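Have a look at run_24.cif below; it lists mmCIF, C-alpha atoms.
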```cif
data_query
loop_
_atom_site.label_atom_id
_atom_site.label_comp_id
_atom_site.auth_asym_id
_atom_site.auth_seq_id
_atom_site.Cartn_x
_atom_site.Cartn_y
_atom_site.Cartn_z
CA ALA A 1 78.82 -33.13 31.85
CA ALA A 2 81.94 -33.41 29.70
CA ASP A 3 82.12 -29.64 29.19
CA VAL A 4 81.77 -29.13 32.94
CA LEU A 5 84.89 -31.21 33.48
CA LYS A 6 86.80 -29.52 30.65
CA HIS A 7 86.02 -25.97 31.72
CA ALA A 8 86.46 -26.63 35.44
CA ILE A 9 89.96 -27.94 34.73
CA LEU A 10 90.73 -25.04 32.39
CA THR A 11 89.58 -22.57 35.05
CA GLU A 12 91.92 -24.14 37.62
CA ILE A 13 94.89 -24.13 35.24
CA LEU A 14 94.40 -20.47 34.38
CA SER A 15 93.79 -19.55 38.02
CA PHE A 16 97.18 -21.05 38.90
CA TYR A 17 98.95 -18.99 36.24
CA THR A 18 97.14 -15.77 37.19
CA SER A 19 97.33 -16.05 40.99
CA GLN A 20 98.96 -13.36 43.12
CA SER A 21 102.17 -15.39 43.24
CA ALA A 22 102.35 -15.57 39.43
CA THR A 23 104.62 -12.70 38.47
CA ARG A 24 104.91 -13.45 34.76
CA PRO A 25 102.19 -12.32 32.34
CA LEU A 26 100.22 -15.09 30.65
CA LEU A 27 99.68 -15.86 26.98
CA TYR A 28 96.61 -18.04 26.47
CA ILE A 29 96.02 -19.69 23.09
CA ASP A 30 92.82 -21.48 22.08
CA THR A 31 93.42 -23.30 18.79
CA HIS A 32 89.77 -24.24 18.16
CA ALA A 33 87.87 -21.52 19.97
CA GLY A 34 84.32 -21.93 18.63
CA ALA A 35 81.68 -19.22 19.03
CA GLY A 36 82.53 -18.32 22.64
CA ARG A 37 79.08 -18.71 24.19
CA TYR A 38 76.01 -20.83 23.53
CA SER A 39 72.29 -20.77 24.18
CA LEU A 40 71.16 -23.98 25.87
CA TYR A 41 67.57 -23.54 24.71
CA SER A 42 68.00 -23.07 20.98
CA GLY A 43 69.67 -24.77 18.03
CA TYR A 44 71.83 -27.85 18.45
CA ALA A 45 71.72 -27.79 22.26
CA THR A 46 68.01 -28.61 22.28
CA LYS A 47 68.54 -31.92 20.48
CA LEU A 48 70.68 -33.73 23.03
CA GLU A 49 69.93 -31.54 26.07
CA GLU A 50 73.18 -32.62 27.69
CA HIS A 51 73.09 -29.61 30.00
CA LYS A 52 70.25 -31.18 32.00
CA THR A 53 72.58 -33.86 33.39
CA GLY A 54 75.54 -31.53 33.82
CA ILE A 55 75.61 -27.80 34.41
CA ASP A 56 71.89 -27.49 35.25
CA LYS A 57 72.21 -29.82 38.23
CA ILE A 58 75.35 -28.06 39.47
CA TYR A 59 74.10 -24.51 38.98
CA ARG A 60 70.73 -25.12 40.62
CA GLY A 61 72.31 -26.91 43.59
CA LYS A 62 71.01 -30.40 42.84
CA ILE A 63 74.56 -31.74 42.99
CA LYS A 64 76.76 -30.85 45.95
CA CYS A 65 80.13 -29.80 44.59
CA SER A 66 83.49 -29.27 46.27
CA SER A 67 84.87 -25.78 46.81
CA SER A 68 87.25 -26.37 43.90
CA LEU A 69 84.33 -25.71 41.54
CA SER A 70 83.47 -22.34 43.06
CA LYS A 71 85.43 -20.34 40.47
CA TYR A 72 83.79 -22.31 37.67
CA GLU A 73 80.32 -21.67 39.13
CA ASN A 74 81.07 -17.98 39.59
CA ILE A 75 81.89 -17.65 35.89
CA ILE A 76 78.64 -19.41 34.94
CA SER A 77 76.76 -16.93 37.13
CA LEU A 78 78.15 -14.02 35.10
CA PHE A 79 75.92 -15.13 32.22
CA ASN A 80 72.86 -16.43 34.09
CA HIS A 81 70.42 -15.53 36.87
CA LYS A 82 70.94 -17.71 39.90
CA ASP A 83 67.20 -18.19 40.47
CA SER A 84 66.52 -19.53 36.98
CA LYS A 85 67.66 -22.22 34.58
CA THR A 86 71.09 -22.09 33.03
CA ARG A 87 70.27 -20.50 29.70
CA ILE A 88 73.69 -19.35 28.50
CA TYR A 89 76.82 -21.46 28.62
CA PRO A 90 80.18 -19.77 28.04
CA GLY A 91 82.73 -21.52 25.86
CA SER A 92 86.44 -21.83 26.61
CA PRO A 93 87.29 -18.28 25.42
CA LEU A 94 84.92 -16.62 27.87
CA PHE A 95 86.02 -18.85 30.75
CA ALA A 96 89.59 -17.80 30.00
CA LEU A 97 88.84 -14.08 29.74
CA ALA A 98 86.94 -14.20 33.05
CA VAL A 99 90.07 -15.46 34.83
CA MET A 100 92.85 -13.58 33.02
CA ARG A 101 94.37 -10.23 34.00
CA GLU A 102 94.58 -7.04 31.96
CA ASN A 103 98.33 -7.48 31.44
CA ASP A 104 97.83 -10.97 29.95
CA SER A 105 97.15 -11.73 26.28
CA ALA A 106 94.81 -14.13 24.50
CA TYR A 107 94.78 -15.51 20.96
CA PHE A 108 91.69 -17.31 19.69
CA TYR A 109 91.67 -19.25 16.43
CA GLU A 110 88.46 -20.27 14.65
CA LEU A 111 88.20 -21.32 11.01
CA HIS A 112 84.41 -21.49 10.57
CA SER A 113 83.03 -18.14 9.38
CA SER A 114 79.80 -18.16 11.41
CA ASP A 115 81.53 -19.09 14.67
CA PHE A 116 84.37 -16.66 13.95
CA ASN A 117 81.96 -13.73 13.64
CA LEU A 118 80.07 -14.75 16.77
CA LEU A 119 83.34 -15.11 18.66
CA LYS A 120 84.36 -11.56 17.75
CA ASP A 121 81.05 -10.25 19.04
CA ASN A 122 81.18 -12.31 22.23
CA CYS A 123 84.68 -11.09 23.09
CA SER A 124 84.16 -7.46 22.12
CA SER A 125 83.90 -6.18 25.71
CA SER A 126 86.99 -8.00 27.00
CA LYS A 127 89.41 -6.03 29.18
CA VAL A 128 92.09 -8.60 28.35
CA PRO A 129 93.98 -7.91 25.11
CA VAL A 130 92.61 -10.53 22.71
CA LYS A 131 93.28 -11.28 19.06
CA ILE A 132 90.79 -13.38 17.12
CA LEU A 133 92.03 -15.01 13.93
CA GLN A 134 90.21 -16.96 11.23
CA GLU A 135 93.17 -19.28 10.70
CA ASP A 136 94.31 -22.82 11.41
CA GLY A 137 95.04 -22.80 15.13
CA LEU A 138 97.69 -25.52 15.15
CA GLN A 139 99.64 -23.78 12.42
CA GLY A 140 99.30 -20.43 14.13
CA LEU A 141 100.40 -21.91 17.43
CA GLN A 142 103.93 -22.62 16.24
CA SER A 143 104.63 -19.12 14.91
CA LEU A 144 103.00 -17.46 17.90
CA LEU A 145 105.11 -19.28 20.47
CA ARG A 146 108.24 -18.22 18.58
CA ALA A 147 107.31 -14.53 18.67
CA ASP A 148 109.72 -12.30 20.58
CA THR A 149 106.70 -10.38 21.88
CA PHE A 150 105.88 -13.15 24.32
CA LYS A 151 109.33 -14.04 25.63
CA GLY A 152 109.14 -14.13 29.40
CA TYR A 153 105.44 -15.05 29.38
CA ASN A 154 103.96 -18.19 30.81
CA LYS A 155 101.87 -19.87 28.14
CA VAL A 156 98.76 -22.04 28.30
CA VAL A 157 97.46 -23.72 25.15
CA LEU A 158 94.03 -25.37 24.86
CA ILE A 159 93.66 -27.77 21.94
CA ASP A 160 90.12 -29.01 21.44
CA PRO A 161 89.55 -29.96 17.78
CA SER A 162 86.51 -31.69 16.33
CA TYR A 163 88.47 -34.85 15.42
CA GLU A 164 86.36 -35.18 12.30
CA LEU A 165 89.39 -35.78 10.07
CA ARG A 166 91.85 -38.61 10.56
CA ALA A 167 94.78 -36.28 9.88
CA GLU A 168 93.91 -34.21 12.95
CA PHE A 169 95.21 -36.92 15.28
CA LYS A 170 98.69 -36.91 13.76
CA VAL A 171 98.84 -33.13 13.40
CA LEU A 172 97.89 -32.71 17.06
CA SER A 173 100.52 -35.09 18.42
CA ARG A 174 103.17 -33.57 16.15
CA SER A 175 102.26 -30.08 17.38
CA ILE A 176 102.58 -31.11 21.02
CA TRP A 177 105.93 -32.74 20.35
CA ASN A 178 107.16 -29.52 18.77
CA VAL A 179 105.93 -27.36 21.64
CA ASN A 180 107.51 -29.65 24.22
CA GLU A 181 110.85 -29.71 22.40
CA HIS A 182 111.26 -26.01 21.65
CA PHE A 183 109.28 -23.90 24.09
CA GLU A 184 109.67 -23.39 27.83
CA ASN A 185 107.04 -22.30 30.33
CA THR A 186 104.25 -23.76 28.22
CA CYS A 187 101.33 -25.85 29.48
CA CYS A 188 99.31 -27.70 26.84
CA ALA A 189 95.81 -28.90 27.71
CA ILE A 190 94.39 -31.38 25.19
CA TRP A 191 90.73 -32.32 25.21
CA TYR A 192 89.82 -35.50 23.40
CA PRO A 193 86.86 -37.88 23.41
CA MET A 194 87.40 -41.57 24.03
CA LEU A 195 87.02 -42.55 20.39
CA THR A 196 88.42 -46.03 20.71
CA THR A 197 87.03 -47.06 17.31
CA LYS A 198 88.18 -43.95 15.48
CA SER A 199 91.06 -44.53 13.08
CA GLY A 200 94.14 -42.65 14.27
CA PHE A 201 92.98 -42.23 17.87
CA SER A 202 95.11 -44.96 19.45
CA GLY A 203 98.16 -43.80 17.49
CA MET A 204 97.74 -40.27 18.82
CA LEU A 205 97.59 -41.53 22.40
CA GLN A 206 100.74 -43.59 21.92
CA ASP A 207 102.55 -40.58 20.47
CA LEU A 208 101.51 -38.41 23.40
CA LYS A 209 102.61 -41.01 25.95
CA THR A 210 106.16 -40.97 24.58
CA ILE A 211 106.62 -37.22 25.07
CA PRO A 212 109.35 -36.73 27.71
#
```
Structure encoded using structure tokens:
Amino acid sequence: AADVLKHAILTEILSFYTSQSATRPLLYIDTHAGAGRYSLYSGYATKLEEHKTGIDKIYRGKIKCSSSLSKYENIISLFNHKDSKTRIYPGSPLFALAVMRENDSAYFYELHSSDFNLLKDNCSSSKVPVKILQEDGLQGLQSLLRADTFKGYNKVVLIDPSYELRAEFKVLSRSIWNVNEHFENTCCAIWYPMLTTKSGFSGMLQDLKTIP
């Protein structure tokens, strides 16, 4: 259910920046891109089976959704048969590529070797120019936004780290501060779990709340 919310919001953000009235090209940056797509009936997904209370109910019509989710559902249908269970779930990179235009650009960062290789395969047929880098996404973000290549672009950044390390909280808030202070036409979308007991979590929220 959480991924439904995340990707529905991401789809709406990108749809706004790629609508007919959006004259600027778009640069989309995913700092923690993952593998790009996932089987819901193998591996880790079979342990928690979270899809049964989320996307399965939406896709098979068991939950009546507003028209605002139609774009999200259409993207899901690109990877699944409507008359069967939801077997494949696209990650943020494939949601983005499904919305973006051919004159836009995408940069996906993924450090883990196995996910990096899967991500390259899963994005290989993209009509959108996409660069996939096995690098630290938050470090790459700063240099990428400074590049002359993308002056005049609108920019959307998705930051969705694992939050496994305490340092990630501080690095994330510092990155957003830097983006807000130095770069125009940039929308940052941050996904974070409500880890109220996690050390560093409350400090990150306080830092983000003070951004002008």
Problem - Pick from A:Ser21, A:Ser126, A:Thr86, A:Thr31 nearest to Phe108 in chain A, counting all atoms listed in the file - result: A:Thr31
Handout entry: A:Ile9, A:Asn185, A:Ala22, A:Ile190 ranked by distance to Leu158 in chain A, top pick (using all atoms listed in the file)
Key =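 Closest to Leu158 in chain A, using all atoms listed in the file: A:Ile190.
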Fill in the blank from the handout: Restricting to all atoms listed in the file, whichever of A:Pro161, A:Gly34, A:Gly140, A:Pro129 is closest to Gly91 in chain A is A:Gly34
Exercise for the section: Can you work out which one of A:Cys123, A:Ile13, A:His32, A:Asp104 has the shortest atom-to-atom distance to Ala189 in chain A, counting only C-alpha atoms? Expected result: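 That would be A:Ile13, the residue with the smallest distance to Ala189 in chain A.
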Exercise for the section: List the neighbours of Lys131 in chain A out to 9 Å using all atoms listed in the file; skip same-chain residues closer than 3 positions along the sequence, and give me the result as a list in words. Expected result: Ser105, Ala106, Tyr107, Phe108 and Tyr109 of chain A
Exercise for the section: Have a look at CA of Ser39 in chain A and CA of Gln134 in chain A and let me know their distance in Å, one decimal. Expected result: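 Between CA of Ser39 in chain A and CA of Gln134 in chain A the gap is 22.4 Å.
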Problem - Point-to-point distance in Å for CA of Ala98 in chain A and CA of Pro193 in chain A - result: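 Calculated distance between CA of Pro193 in chain A and CA of Ala98 in chain A is 25.6 Å.
Nearest to Gly36 in chain A of all the residues A:Phe116, A:Tyr72, A:Tyr17, A:Phe79 is A:Phe116, counting all atoms listed in the file.
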Problem - Point (108.4, -17.6, 29.1) neighbourhood (12 Å, all atoms listed in the file) written as a PyMOL selection string - result: chain A and resi 17+23-27+145-156+182-187
Practice task
Work out how far CA of Asn180 in chain A is from CA of Phe95 in chain A, in Å to one decimal.
Solution key: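 Separating CA of Phe95 in chain A from CA of Asn180 in chain A is a distance of 24.9 Å.
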Practice task
Can you work out which one of A:Asp121, A:Glu168, A:Asp30, A:Glu12 has the shortest atom-to-atom distance to Cys188 in chain A, counting all atoms listed in the file?
Solution key: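 Closest to Cys188 in chain A, using all atoms listed in the file: A:Asp30.
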Practice task
Run the PyMOL selection byres ((chain A and resi 192) around 9) on the file and write out the hits as a ChimeraX atom specification.
Solution key: /A:159-163,190-191,193-195
Practice task
Report the residues retrieved by the PyMOL selection byres ((chain A and resi 170-176) around 10) from the displayed file, expressed as number ranges by chain.
Solution key: A: 138-139, 141-142, 157, 159-161, 163, 166-169, 177-181, 188-190, 200-201, 203-209, 211
